[in-house]
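K.L.:
Data file input-v4.txt (compact mmCIF, C-alpha atoms) is appended below.
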```txt
# COMPACT_ATOMS: atom_id res chain seq x y z
CA MET A 1 -8.54 -42.80 -70.41
CA SER A 2 -5.26 -41.45 -71.73
CA GLU A 3 -2.12 -41.15 -69.64
CA ALA A 4 -2.30 -37.34 -69.98
CA ALA A 5 -5.53 -37.18 -67.96
CA PRO A 6 -5.63 -34.33 -65.42
CA ASN A 7 -4.90 -34.99 -61.76
CA PRO A 8 -7.92 -35.83 -59.63
CA PRO A 9 -9.39 -32.68 -58.01
CA ALA A 10 -8.06 -33.37 -54.49
CA LEU A 11 -4.48 -33.62 -55.73
CA ARG A 12 -4.81 -30.47 -57.82
CA VAL A 13 -6.11 -28.55 -54.83
CA ASP A 14 -3.16 -29.79 -52.76
CA ALA A 15 -0.72 -28.86 -55.49
CA GLU A 16 -2.18 -25.38 -55.80
CA ARG A 17 -2.13 -24.94 -52.03
CA ASN A 18 1.55 -25.92 -51.97
CA ARG A 19 2.30 -23.59 -54.84
CA LEU A 20 0.71 -20.64 -53.05
CA ALA A 21 2.39 -21.56 -49.75
CA LEU A 22 5.74 -21.65 -51.55
CA ILE A 23 5.16 -18.26 -53.16
CA ASP A 24 4.18 -16.75 -49.81
CA ALA A 25 7.19 -18.34 -48.11
CA ALA A 26 9.54 -17.18 -50.86
CA THR A 27 8.13 -13.65 -50.58
CA THR A 28 8.91 -13.64 -46.87
CA VAL A 29 12.35 -15.22 -47.18
CA PHE A 30 13.42 -13.12 -50.18
CA ALA A 31 12.28 -9.94 -48.43
CA ARG A 32 14.32 -10.91 -45.37
CA ARG A 33 17.41 -12.40 -46.98
CA GLY A 34 17.46 -11.17 -50.57
CA MET A 35 16.76 -12.98 -53.83
CA GLU A 36 19.72 -15.31 -53.33
CA ALA A 37 18.28 -16.86 -50.16
CA PRO A 38 18.71 -20.65 -49.91
CA LEU A 39 15.71 -22.50 -51.28
CA ASP A 40 15.58 -25.04 -48.45
CA GLU A 41 14.80 -22.12 -46.16
CA VAL A 42 11.87 -21.30 -48.45
CA ALA A 43 10.64 -24.91 -48.34
CA ARG A 44 10.94 -24.96 -44.54
CA GLU A 45 9.04 -21.67 -44.23
CA ALA A 46 6.30 -23.11 -46.49
CA GLY A 47 6.11 -26.31 -44.45
CA VAL A 48 6.85 -28.54 -47.44
CA GLY A 49 9.81 -30.69 -48.44
CA ILE A 50 12.48 -29.40 -50.81
CA ALA A 51 11.35 -32.03 -53.37
CA THR A 52 7.90 -30.43 -53.50
CA LEU A 53 9.52 -27.04 -54.07
CA TYR A 54 11.54 -28.36 -57.01
CA ARG A 55 8.46 -30.13 -58.42
CA ARG A 56 6.46 -26.87 -58.45
CA PHE A 57 9.40 -24.62 -59.36
CA PRO A 58 12.11 -26.59 -61.17
CA GLU A 59 14.20 -23.39 -61.49
CA ARG A 60 14.81 -20.56 -59.06
CA THR A 61 13.85 -18.01 -61.70
CA GLN A 62 10.34 -19.49 -61.88
CA LEU A 63 9.87 -18.98 -58.17
CA VAL A 64 11.30 -15.47 -58.36
CA GLU A 65 8.93 -14.69 -61.22
CA ALA A 66 5.95 -15.99 -59.26
CA VAL A 67 6.92 -13.88 -56.26
CA PHE A 68 7.28 -10.76 -58.39
CA GLU A 69 3.95 -11.43 -60.07
CA GLN A 70 2.25 -11.73 -56.72
CA ARG A 71 3.88 -8.54 -55.45
CA MET A 72 3.01 -6.66 -58.60
CA ARG A 73 -0.58 -7.90 -58.37
CA LEU A 74 -0.79 -6.46 -54.85
CA TYR A 75 0.65 -3.18 -56.10
CA ALA A 76 -1.71 -3.06 -59.09
CA ASP A 77 -4.72 -3.91 -56.91
CA HIS A 78 -3.84 -1.03 -54.60
CA ALA A 79 -3.33 1.37 -57.49
CA VAL A 80 -6.64 0.44 -59.11
CA ALA A 81 -8.49 0.72 -55.80
CA ALA A 82 -6.86 4.09 -55.10
CA ALA A 83 -7.84 5.42 -58.53
CA ALA A 84 -11.46 4.38 -57.89
CA ARG A 85 -11.49 5.84 -54.39
CA ALA A 86 -10.06 9.11 -55.73
CA LEU A 87 -13.47 9.93 -57.25
CA LEU A 88 -14.90 10.37 -53.77
CA GLU A 89 -11.88 10.98 -51.53
CA PRO A 90 -9.11 12.27 -53.79
CA TRP A 91 -6.63 13.36 -51.14
CA ASP A 92 -7.11 10.35 -48.87
CA ALA A 93 -6.81 8.01 -51.83
CA PHE A 94 -3.63 9.71 -53.01
CA ARG A 95 -2.09 9.91 -49.52
CA ASP A 96 -2.85 6.31 -48.62
CA TYR A 97 -1.49 5.07 -51.91
CA VAL A 98 1.81 6.92 -51.52
CA THR A 99 2.02 5.71 -47.92
CA PHE A 100 1.40 2.13 -49.04
CA ILE A 101 4.20 2.29 -51.63
CA PHE A 102 6.64 3.79 -49.12
CA GLU A 103 5.81 1.07 -46.59
CA GLN A 104 6.23 -1.67 -49.17
CA GLN A 105 9.63 -0.30 -50.11
CA ALA A 106 10.70 -0.05 -46.49
CA THR A 107 9.72 -3.58 -45.56
CA ASP A 108 10.57 -5.51 -48.72
CA THR A 109 13.77 -4.47 -50.42
CA ALA A 110 13.44 -7.13 -53.12
CA PHE A 111 10.14 -5.61 -54.17
CA ALA A 112 11.63 -2.14 -53.89
CA ASP A 113 14.15 -3.04 -56.59
CA VAL A 114 11.41 -4.42 -58.84
CA LEU A 115 9.24 -1.40 -58.37
CA ILE A 116 11.80 1.09 -59.58
CA ALA A 117 13.33 -1.14 -62.29
CA PRO A 118 10.77 -3.70 -63.46
CA LEU A 119 13.06 -5.93 -65.48
CA THR A 120 11.50 -9.33 -64.94
CA GLY A 121 10.36 -10.86 -68.17
CA SER A 122 7.02 -12.51 -67.42
CA PRO A 123 4.15 -11.21 -69.58
CA VAL A 124 1.78 -11.49 -66.60
CA PHE A 125 4.08 -9.22 -64.64
CA ALA A 126 4.33 -6.76 -67.51
CA ASP A 127 0.53 -6.65 -67.85
CA MET A 128 0.07 -5.94 -64.16
CA HIS A 129 2.81 -3.35 -64.19
CA ARG A 130 1.05 -1.58 -67.04
CA ALA A 131 -2.28 -1.76 -65.23
CA ALA A 132 -0.73 -0.31 -62.07
CA PHE A 133 0.96 2.43 -64.05
CA GLN A 134 -2.27 3.41 -65.80
CA ALA A 135 -4.14 3.40 -62.51
CA THR A 136 -1.61 5.79 -60.94
CA ILE A 137 -2.05 8.14 -63.91
CA THR A 138 -5.79 8.11 -63.26
CA LEU A 139 -5.21 8.58 -59.53
CA VAL A 140 -3.02 11.64 -60.09
CA ALA A 141 -5.41 13.07 -62.71
CA ARG A 142 -8.37 12.74 -60.33
CA ALA A 143 -6.44 14.28 -57.46
CA HIS A 144 -5.56 17.17 -59.77
CA GLU A 145 -9.16 17.63 -60.93
CA ALA A 146 -10.28 17.82 -57.32
CA GLY A 147 -7.51 20.27 -56.43
CA ALA A 148 -6.28 17.82 -53.80
CA ILE A 149 -2.63 18.09 -54.87
CA ARG A 150 -0.59 21.06 -56.02
CA ALA A 151 -1.09 22.08 -59.63
CA ASP A 152 2.57 21.52 -60.55
CA PHE A 153 2.68 17.99 -59.13
CA SER A 154 3.69 15.66 -61.94
CA HIS A 155 2.95 11.95 -62.23
CA ALA A 156 6.72 11.56 -62.57
CA ASP A 157 7.02 12.78 -58.97
CA LEU A 158 5.72 9.40 -57.84
CA TYR A 159 8.77 7.90 -59.51
CA LEU A 160 11.02 10.55 -57.99
CA ALA A 161 9.60 9.83 -54.55
CA THR A 162 10.06 6.07 -54.87
CA LEU A 163 13.66 6.47 -56.02
CA ALA A 164 14.45 8.76 -53.09
CA ASN A 165 12.72 6.46 -50.65
CA ALA A 166 14.48 3.36 -52.01
CA GLY A 167 17.83 5.07 -51.52
CA LEU A 168 16.93 6.20 -48.02
CA VAL A 169 15.65 2.77 -46.96
CA LYS A 170 18.81 1.08 -48.19
CA ALA A 171 21.20 3.56 -46.63
CA ALA A 172 19.36 3.80 -43.30
CA ARG A 173 19.40 -0.01 -42.86
CA SER A 174 17.58 -0.95 -39.64
CA SER A 175 16.24 2.61 -39.32
CA GLY A 176 14.82 2.37 -42.85
CA PRO A 177 11.14 1.99 -41.95
CA GLU A 178 11.21 4.88 -39.45
CA ALA A 179 13.16 7.15 -41.76
CA SER A 180 10.90 6.26 -44.65
CA ARG A 181 7.76 7.21 -42.70
CA ARG A 182 9.23 10.60 -41.99
CA LEU A 183 10.26 11.22 -45.59
CA CYS A 184 6.76 10.18 -46.64
CA ALA A 185 5.19 12.71 -44.26
CA TYR A 186 7.48 15.48 -45.53
CA LEU A 187 6.76 14.75 -49.17
CA LEU A 188 3.01 14.38 -48.69
CA GLU A 189 3.01 17.74 -46.93
CA SER A 190 4.60 19.41 -49.93
CA PHE A 191 2.51 17.54 -52.51
CA ARG A 192 -0.59 19.34 -51.24
CA PRO A 193 -1.73 22.64 -52.71
CA GLY A 194 -0.70 25.92 -51.12
CA SER A 195 3.01 25.86 -51.89
CA ARG A 196 4.98 29.06 -51.59
CA ASP A 197 7.36 28.47 -54.48
CA PRO A 198 7.07 26.89 -57.93
CA LEU A 199 9.03 23.69 -58.51
CA PRO A 200 11.99 23.24 -60.81
CA PRO A 201 11.03 21.17 -63.88
CA VAL A 202 10.70 17.38 -63.88
CA PRO A 203 13.67 15.66 -65.60
CA ARG A 204 12.83 15.86 -69.28
CA VAL A 205 13.40 12.13 -69.92
CA TRP A 206 10.83 11.31 -67.25
CA GLU A 207 8.24 13.64 -68.75
CA ARG A 208 8.40 11.63 -71.93
CA THR A 209 8.16 8.19 -70.33
CA THR A 210 5.29 9.06 -68.00
CA ARG A 211 3.11 10.71 -70.61
CA THR A 212 0.98 8.07 -72.33
CA MET B 1 74.28 23.70 -44.46
CA SER B 2 72.97 20.22 -43.78
CA GLU B 3 71.66 17.90 -46.49
CA ALA B 4 68.19 18.13 -44.93
CA ALA B 5 67.92 21.85 -45.75
CA PRO B 6 64.50 22.89 -47.10
CA ASN B 7 63.99 23.45 -50.83
CA PRO B 8 64.69 26.98 -52.07
CA PRO B 9 61.49 29.10 -52.02
CA ALA B 10 60.91 29.05 -55.81
CA LEU B 11 60.90 25.26 -55.89
CA ARG B 12 58.62 25.02 -52.87
CA VAL B 13 56.13 27.39 -54.54
CA ASP B 14 56.22 25.27 -57.69
CA ALA B 15 55.77 22.10 -55.73
CA GLU B 16 52.82 23.53 -53.83
CA ARG B 17 51.26 24.76 -57.05
CA ASN B 18 51.58 21.29 -58.56
CA ARG B 19 50.15 19.72 -55.45
CA LEU B 20 47.07 21.95 -55.57
CA ALA B 21 46.67 21.45 -59.33
CA LEU B 22 46.78 17.69 -58.79
CA ILE B 23 44.15 17.85 -56.03
CA ASP B 24 41.88 19.95 -58.23
CA ALA B 25 42.41 17.64 -61.19
CA ALA B 26 41.79 14.57 -59.05
CA THR B 27 38.60 16.12 -57.69
CA THR B 28 37.34 16.63 -61.24
CA VAL B 29 38.41 13.22 -62.53
CA PHE B 30 37.17 11.30 -59.46
CA ALA B 31 33.82 13.10 -59.63
CA ARG B 32 33.52 12.17 -63.28
CA ARG B 33 34.93 8.64 -63.29
CA GLY B 34 34.85 7.46 -59.68
CA MET B 35 37.64 6.95 -57.16
CA GLU B 36 39.26 4.23 -59.28
CA ALA B 37 39.96 6.56 -62.20
CA PRO B 38 43.38 6.09 -63.82
CA LEU B 39 46.01 8.36 -62.31
CA ASP B 40 47.56 9.32 -65.64
CA GLU B 41 44.23 10.95 -66.46
CA VAL B 42 44.60 12.98 -63.27
CA ALA B 43 48.14 14.01 -64.22
CA ARG B 44 46.99 14.99 -67.72
CA GLU B 45 44.12 17.04 -66.32
CA ALA B 46 46.56 18.79 -63.96
CA GLY B 47 48.98 19.49 -66.79
CA VAL B 48 51.88 17.71 -65.08
CA GLY B 49 53.76 14.50 -65.78
CA ILE B 50 52.84 11.25 -64.07
CA ALA B 51 56.27 11.32 -62.34
CA THR B 52 55.31 14.59 -60.65
CA LEU B 53 52.06 13.05 -59.50
CA TYR B 54 53.88 10.09 -57.91
CA ARG B 55 56.45 12.42 -56.32
CA ARG B 56 53.68 14.46 -54.60
CA PHE B 57 51.38 11.50 -53.92
CA PRO B 58 53.37 8.25 -53.78
CA GLU B 59 50.15 6.33 -53.05
CA ARG B 60 46.65 6.70 -54.45
CA THR B 61 45.18 6.82 -50.96
CA GLN B 62 47.15 10.00 -50.23
CA LEU B 63 45.63 11.71 -53.25
CA VAL B 64 42.17 10.45 -52.32
CA GLU B 65 42.66 11.75 -48.78
CA ALA B 66 43.74 15.17 -50.07
CA VAL B 67 40.69 15.35 -52.33
CA PHE B 68 38.35 14.43 -49.49
CA GLU B 69 39.99 16.98 -47.21
CA GLN B 70 39.49 19.68 -49.80
CA ARG B 71 35.86 18.68 -50.38
CA MET B 72 35.17 18.54 -46.65
CA ARG B 73 36.79 21.95 -46.20
CA LEU B 74 34.42 23.39 -48.81
CA TYR B 75 31.51 21.74 -47.02
CA ALA B 76 32.63 22.97 -43.59
CA ASP B 77 33.21 26.50 -44.92
CA HIS B 78 29.68 26.57 -46.27
CA ALA B 79 28.22 25.23 -43.05
CA VAL B 80 30.08 27.75 -40.91
CA ALA B 81 29.08 30.62 -43.21
CA ALA B 82 25.45 29.46 -43.20
CA ALA B 83 25.39 29.30 -39.39
CA ALA B 84 26.71 32.88 -39.22
CA ARG B 85 24.28 34.15 -41.85
CA ALA B 86 21.39 32.48 -40.00
CA LEU B 87 21.60 35.21 -37.34
CA LEU B 88 20.33 37.75 -39.86
CA GLU B 89 18.64 35.67 -42.58
CA PRO B 90 17.69 32.38 -40.94
CA TRP B 91 15.50 30.96 -43.70
CA ASP B 92 17.71 32.04 -46.59
CA ALA B 93 20.78 30.67 -44.82
CA PHE B 94 19.06 27.36 -44.16
CA ARG B 95 17.56 27.07 -47.67
CA ASP B 96 20.81 27.95 -49.46
CA TYR B 97 22.77 25.52 -47.34
CA VAL B 98 20.41 22.61 -48.07
CA THR B 99 20.44 23.56 -51.75
CA PHE B 100 24.24 23.63 -51.76
CA ILE B 101 24.46 20.14 -50.25
CA PHE B 102 21.93 18.74 -52.70
CA GLU B 103 23.85 20.25 -55.62
CA GLN B 104 27.14 18.87 -54.37
CA GLN B 105 25.64 15.43 -54.09
CA ALA B 106 24.13 15.63 -57.56
CA THR B 107 27.34 16.71 -59.27
CA ASP B 108 29.98 14.78 -57.35
CA THR B 109 29.04 11.24 -56.45
CA ALA B 110 32.39 10.52 -54.83
CA PHE B 111 31.80 13.32 -52.37
CA ALA B 112 28.21 12.19 -51.91
CA ASP B 113 29.50 8.87 -50.56
CA VAL B 114 31.88 10.62 -48.20
CA LEU B 115 29.23 12.98 -46.95
CA ILE B 116 26.87 10.26 -45.81
CA ALA B 117 29.54 7.83 -44.58
CA PRO B 118 32.68 9.74 -43.63
CA LEU B 119 35.07 6.81 -43.25
CA THR B 120 38.32 8.33 -44.41
CA GLY B 121 40.96 8.23 -41.72
CA SER B 122 42.74 11.57 -41.94
CA PRO B 123 42.59 13.61 -38.70
CA VAL B 124 42.31 16.83 -40.75
CA PHE B 125 39.26 15.41 -42.43
CA ALA B 126 37.75 14.33 -39.13
CA ASP B 127 38.32 17.79 -37.63
CA MET B 128 36.62 19.48 -40.54
CA HIS B 129 33.78 17.02 -40.50
CA ARG B 130 33.22 17.77 -36.82
CA ALA B 131 33.34 21.52 -37.49
CA ALA B 132 30.79 21.18 -40.29
CA PHE B 133 28.56 19.04 -38.11
CA GLN B 134 28.64 21.54 -35.25
CA ALA B 135 27.95 24.40 -37.64
CA THR B 136 24.85 22.65 -39.00
CA ILE B 137 23.60 22.16 -35.44
CA THR B 138 23.98 25.90 -34.90
CA LEU B 139 22.32 26.64 -38.24
CA VAL B 140 19.28 24.50 -37.37
CA ALA B 141 19.09 25.94 -33.84
CA ARG B 142 19.13 29.50 -35.17
CA ALA B 143 16.52 28.71 -37.82
CA HIS B 144 14.37 27.24 -35.04
CA GLU B 145 14.81 30.26 -32.77
CA ALA B 146 13.72 32.53 -35.60
CA GLY B 147 10.72 30.31 -36.40
CA ALA B 148 12.05 29.93 -39.95
CA ILE B 149 11.59 26.15 -40.00
CA ARG B 150 8.83 23.96 -38.60
CA ALA B 151 9.04 23.27 -34.88
CA ASP B 152 9.30 19.50 -35.34
CA PHE B 153 12.17 19.73 -37.83
CA SER B 154 15.07 17.74 -36.40
CA HIS B 155 18.74 18.18 -37.15
CA ALA B 156 18.65 14.50 -38.12
CA ASP B 157 16.39 15.46 -41.02
CA LEU B 158 19.41 16.94 -42.76
CA TYR B 159 20.88 13.45 -42.69
CA LEU B 160 17.59 11.95 -43.84
CA ALA B 161 17.43 14.40 -46.73
CA THR B 162 21.00 13.70 -47.84
CA LEU B 163 20.44 9.93 -47.76
CA ALA B 164 17.27 10.27 -49.84
CA ASN B 165 18.97 12.63 -52.27
CA ALA B 166 22.03 10.40 -52.62
CA GLY B 167 19.77 7.46 -53.50
CA LEU B 168 17.80 9.53 -55.98
CA VAL B 169 20.89 10.93 -57.68
CA LYS B 170 22.39 7.48 -58.10
CA ALA B 171 19.20 5.86 -59.40
CA ALA B 172 18.28 8.72 -61.72
CA ARG B 173 21.71 8.68 -63.41
CA SER B 174 21.92 11.42 -66.04
CA SER B 175 18.67 12.94 -64.75
CA GLY B 176 20.15 13.09 -61.25
CA PRO B 177 20.79 16.84 -61.06
CA GLU B 178 17.31 17.73 -62.35
CA ALA B 179 15.57 15.19 -60.12
CA SER B 180 17.62 16.34 -57.16
CA ARG B 181 16.61 19.98 -57.63
CA ARG B 182 12.98 18.96 -57.59
CA LEU B 183 13.33 16.82 -54.46
CA CYS B 184 15.14 19.73 -52.83
CA ALA B 185 12.27 22.10 -53.63
CA TYR B 186 9.71 19.64 -52.26
CA LEU B 187 11.61 19.08 -49.04
CA LEU B 188 12.37 22.75 -48.45
CA GLU B 189 8.66 23.48 -48.90
CA SER B 190 7.76 21.05 -46.15
CA PHE B 191 10.61 22.08 -43.84
CA ARG B 192 8.97 25.50 -43.44
CA PRO B 193 6.49 26.22 -40.66
CA GLY B 194 2.76 25.91 -41.29
CA SER B 195 2.51 22.16 -41.77
CA ARG B 196 -0.89 20.51 -41.55
CA ASP B 197 0.19 17.30 -39.88
CA PRO B 198 2.77 16.37 -37.26
CA LEU B 199 5.66 14.20 -38.40
CA PRO B 200 6.35 10.62 -37.39
CA PRO B 201 9.38 10.42 -35.06
CA VAL B 202 12.98 10.57 -36.21
CA PRO B 203 14.69 7.13 -36.15
CA ARG B 204 15.73 6.68 -32.54
CA VAL B 205 19.34 5.78 -33.39
CA TRP B 206 19.70 9.07 -35.25
CA GLU B 207 18.33 11.09 -32.35
CA ARG B 208 21.17 9.79 -30.22
CA THR B 209 23.95 10.43 -32.70
CA THR B 210 22.84 13.94 -33.61
CA ARG B 211 22.32 15.21 -30.10
CA THR B 212 25.59 16.63 -28.76
```
Since I need it in another form, could you write the structure as C-alpha cells?
P.N.:
Amino acid sequence: MSEAAPNPPALRVDAERNRLALIDAATTVFARRGMEAPLDEVAREAGVGIATLYRRFPERTQLVEAVFEQRMRLYADHAVAAAARALLEPWDAFRDYVTFIFEQQATDTAFADVLIAPLTGSPVFADMHRAAFQATITLVARAHEAGAIRADFSHADLYLATLANAGLVKAARSSGPEASRRLCAYLLESFRPGSRDPLPPVPRVWERTTRT
Amino acid sequence: MSEAAPNPPALRVDAERNRLALIDAATTVFARRGMEAPLDEVAREAGVGIATLYRRFPERTQLVEAVFEQRMRLYADHAVAAAARALLEPWDAFRDYVTFIFEQQATDTAFADVLIAPLTGSPVFADMHRAAFQATITLVARAHEAGAIRADFSHADLYLATLANAGLVKAARSSGPEASRRLCAYLLESFRPGSRDPLPPVPRVWERTTRT
C-alpha cells in the first residue's frame, strides 16, 4: 500500500460531516455577522475545534466560496423547481419563487450581495448561477405563455426587484424582513395582468444582458 | 454712521446673487460628484472666484447646509402643492408627487441620502422637513378619502418606496433613472384600489413614527 492511500471510510465520513457542519455554521454566522465574522465563532457554531476548521478550509476564501456555492445551489434548486412547476401552476410558481428570493435577501444579507453581484470565482458557483439564470428565463417564459403575468413584464424586472429589495432591506435594518414582505406584495400585485398603464422601458443595458 | 452699518443696497444685491449662484452651483456639483466635490469646481460652476465662495461660505458645512435647505424647500413646496391639488385631483396629485420624488432620487443621489435620513442640523431644514412630512400625511389622507388609493395603503409606504428606490438607483448606477421610472410605474399600479390580495403589515416601528 502506498502512503497516498485514501482515508478509511469512517474517517472520510467524519471529515465530510465536519465539512458540511462548518459550511452550515459559516452560513449562519456570515448571515448574522457579515463575511468578516471571526472564524472561531464559526468553529464553535459547528461544534468542532478551530484546528478542524483550518484543516478543512486552510483559507477563509475557501470557506466563503463553499458557503456561496451552497447558497447558490439552494437558489438554483428553487429556480429549477419553479420553472418545472410553472407548467402546471404558472402564477403560483412565479409568486412563490419571487417570495423566496425576497425572503432570502431579507434574512441573509451576505447572500443578498452575491445574488445581485455574483463575483465569486469558483466554477461550480458560476455553473449554478448560470443554471439558476436559465431556469428563471424559463419560469418567466412559461408564466407569460399562460398569461399569468402582465405582457410587458420583462425577465430583467426580476433583477430590478432584487436590487430594490436589497436596498430596502439594508436601509430598513431590523424592519427589513417586514418591509421586504410588503414590497414583495406590492410588486407581485403589479406583476399580474390587468394593469391600467403601460410600463416605461427596461434599462437598455439590462435588456441586452438578460436576453440569451 | 457706525462702522457696523449695513452694506449699500447694490453690494447686498450682488452678494445675494453670488450666494444663490453658489448654492445652485453646489447643488449641481454635489449631485454629480458627491458631497466631497472640490469647492473650486463649485466656484467655477457659479462663475465666481474661490475667494468669493469662502467669503459667503467660510466652511464647507455651511454650503452643504444651504444646499440641503434649498433641496428640502423644493421637496416641501411640492408636497404642499400636491396636498392642495389632492382636493380636486387626488390620484393625479398623489401619482405626480410619487413620480417627482422618484425622479429626484434618481438624479440627485446626495439629496436621496438626505431624504431618507434627514440628519442635517439646521433648524430651517428641520422646519421644512416637518412641513413636507405633514403635507404628505394630508396628501395620503385626501387620496384615501377620495378612494384614489387602496384602503390598506399606509403613509409609511411612501418611506418604503423611497428606501427601495434609493437602493435601486444606487445599485443600477447609470441605469438608475430608467430602472427607477419602471419601479415607480410598478408601485403606482399597485398603490391604486382594486388589489387582489391584502398586504402584509407595515413594519411596526414605522407605524409609530408616521402616526402623528
K.L.:
Give as a ChimeraX atom specification every residue of chain A that touches chain B within 8 Å, counting only C-alpha atoms.
P.N.:
/A:160-161,163-168,171-172,175,178-179,181-183,185-187,189-191,195-197,199-205
K.L.:
Can you tell me how far CA of Val64 (chain B) sits from CA of Glu103 (chain B), in Å to one decimal?
P.N.:
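Here the two named atoms are 21.0 Å from each other.
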K.L.:
Excluding Glu41 (chain A) and residues on its chain fewer than 3 positions from it, collect all residues at most 10 Å away from it, counting all atoms listed in the file, and give them as a list in words.
P.N.:
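The residues that qualify are Ala25, Ala26, Val29, Phe30, Ala37, Pro38, Arg44, Glu45, Ala46, Gly47 and Ile50 of chain A.
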K.L.:
Taking all atoms listed in the file into account, which of B:Arg33, B:Leu22, B:Ala86, B:Asp77 comes nearest Arg56 (chain B)?
P.N.:
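Among B:Arg33, B:Leu22, B:Ala86, B:Asp77, it is B:Leu22 that comes nearest to Arg56 (chain B).
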K.L.:
So, counting all atoms listed in the file, which residue among B:Val48, B:Ala93, B:Ala106, B:Ala112 is closest to Phe68 (chain B)?
P.N.:
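Looking at the shortest contact to Phe68 (chain B), the residue is B:Ala112.
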K.L.:
At a cut-off of 12 Å, using only C-alpha atoms, what residues contact Arg85 (chain A)? Leave out same-chain residues fewer than 3 positions from it and give the result as an mmCIF file with C-alpha atoms, keeping the file's coordinate frame.
P.N.:
```
data_model
loop_
_atom_site.group_PDB
_atom_site.id
_atom_site.type_symbol
_atom_site.label_atom_id
_atom_site.label_comp_id
_atom_site.auth_asym_id
_atom_site.auth_seq_id
_atom_site.Cartn_x
_atom_site.Cartn_y
_atom_site.Cartn_z
ATOM 1 C CA HIS A 78 -3.840 -1.030 -54.600
ATOM 2 C CA ALA A 79 -3.330 1.370 -57.490
ATOM 3 C CA VAL A 80 -6.640 0.440 -59.110
ATOM 4 C CA ALA A 81 -8.490 0.720 -55.800
ATOM 5 C CA ALA A 82 -6.860 4.090 -55.100
ATOM 6 C CA LEU A 88 -14.900 10.370 -53.770
ATOM 7 C CA GLU A 89 -11.880 10.980 -51.530
ATOM 8 C CA PRO A 90 -9.110 12.270 -53.790
ATOM 9 C CA TRP A 91 -6.630 13.360 -51.140
ATOM 10 C CA ASP A 92 -7.110 10.350 -48.870
ATOM 11 C CA ALA A 93 -6.810 8.010 -51.830
ATOM 12 C CA PHE A 94 -3.630 9.710 -53.010
ATOM 13 C CA ARG A 95 -2.090 9.910 -49.520
ATOM 14 C CA ASP A 96 -2.850 6.310 -48.620
ATOM 15 C CA TYR A 97 -1.490 5.070 -51.910
ATOM 16 C CA ALA A 135 -4.140 3.400 -62.510
ATOM 17 C CA THR A 136 -1.610 5.790 -60.940
ATOM 18 C CA THR A 138 -5.790 8.110 -63.260
ATOM 19 C CA LEU A 139 -5.210 8.580 -59.530
ATOM 20 C CA VAL A 140 -3.020 11.640 -60.090
ATOM 21 C CA ARG A 142 -8.370 12.740 -60.330
ATOM 22 C CA ALA A 143 -6.440 14.280 -57.460
#
```
K.L.:
Separation of CA of Ile101 (chain A) and CA of Leu115 (chain A), in Å?
P.N.:
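Here the two named atoms are 9.2 Å from each other.
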